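Notes to accompany the following structure.
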Amino acid sequence: YRECMKKSAVAFLLLFALALAADDKKAEDKSVTLSGEVVDMHCYITRNAKGAEHTGCSNACISRDVPAGFLADDGTLYLLVNEKPVSVKEKVAGKAGKKVKAHGTIVERDGVKAFQLASIEE
């Protein structure tokens, strides 16, 4: 009986490890690259402020903890969030209003679209 239980426990652990590996693979498969620009959510939503003419204001707002957004080339607006629960302001510092490529994962909950930012480059 004990030998059978040991074999069952080993089999369970192997299946569990395979399931975790498959889950990690699914997360990697969801990674995308988007082209667009970083915007500060306040000015973009309230006044449609974006682009080169709004770069200084947008970067200043984001540095003051105004939430950052990502306006994709297709017109989709995403709330920018980090992979961990910390601000993205360091990752996007100085990049608002410029054409950039953002790498990460699209997430959506209750109609709110967000982009979990892994990296960003001009």
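By order in the structure tokens, chains are A, B, ...; within a chain, residues start at 1; ligands start at 1, following the order shown.
Excluding A:Glu37 itself and same-chain residues fewer than 6 positions from it, the residues having an atom within 9 Å of it are A:Lys50, A:Gly51, A:Gly69, A:Phe70, A:Leu71, A:Ala72, A:Asp73, A:Lys95, A:Ala96, A:Gly97, A:Lys98, A:Lys99, A:Val100, A:Lys101, A:Ala102, counting only C-alpha atoms.
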(message) as a list in words, please: the residues near A:Ile62 (cut-off 7 Å, only C-alpha atoms, same-chain neighbours under 6 positions excluded).
(response) Asp40, Ala68 and Lys89 of chain A
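Residue nearest A:Thr55, chosen from A:Glu121, A:Lys84, A:Lys113, A:Cys43 and counting only C-alpha atoms: A:Cys43.
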Go through stretch 40-95 of chain A residue by residue and, counting only C-alpha atoms, keep those with an atom at most 12 Å from stretch 104-110 of chain A; for each kept residue give the shortest atom pair and its distance in Å to one decimal, ordered by chain and increasing number, as a Markdown table.
```
| residue | atom | partner | partner_atom | distance |
| --- | --- | --- | --- | --- |
| A:Phe70 | CA | A:Ile106 | CA | 11.1 |
| A:Ala72 | CA | A:Ile106 | CA | 11.7 |
| A:Thr76 | CA | A:Ile106 | CA | 11.3 |
| A:Leu77 | CA | A:Ile106 | CA | 11.2 |
| A:Tyr78 | CA | A:Ile106 | CA | 8.4 |
| A:Leu79 | CA | A:Val107 | CA | 9.6 |
| A:Leu80 | CA | A:Ile106 | CA | 9.7 |
| A:Val81 | CA | A:Val107 | CA | 9.7 |
| A:Asn82 | CA | A:Gly104 | CA | 9.1 |
| A:Glu83 | CA | A:Gly104 | CA | 8.4 |
```
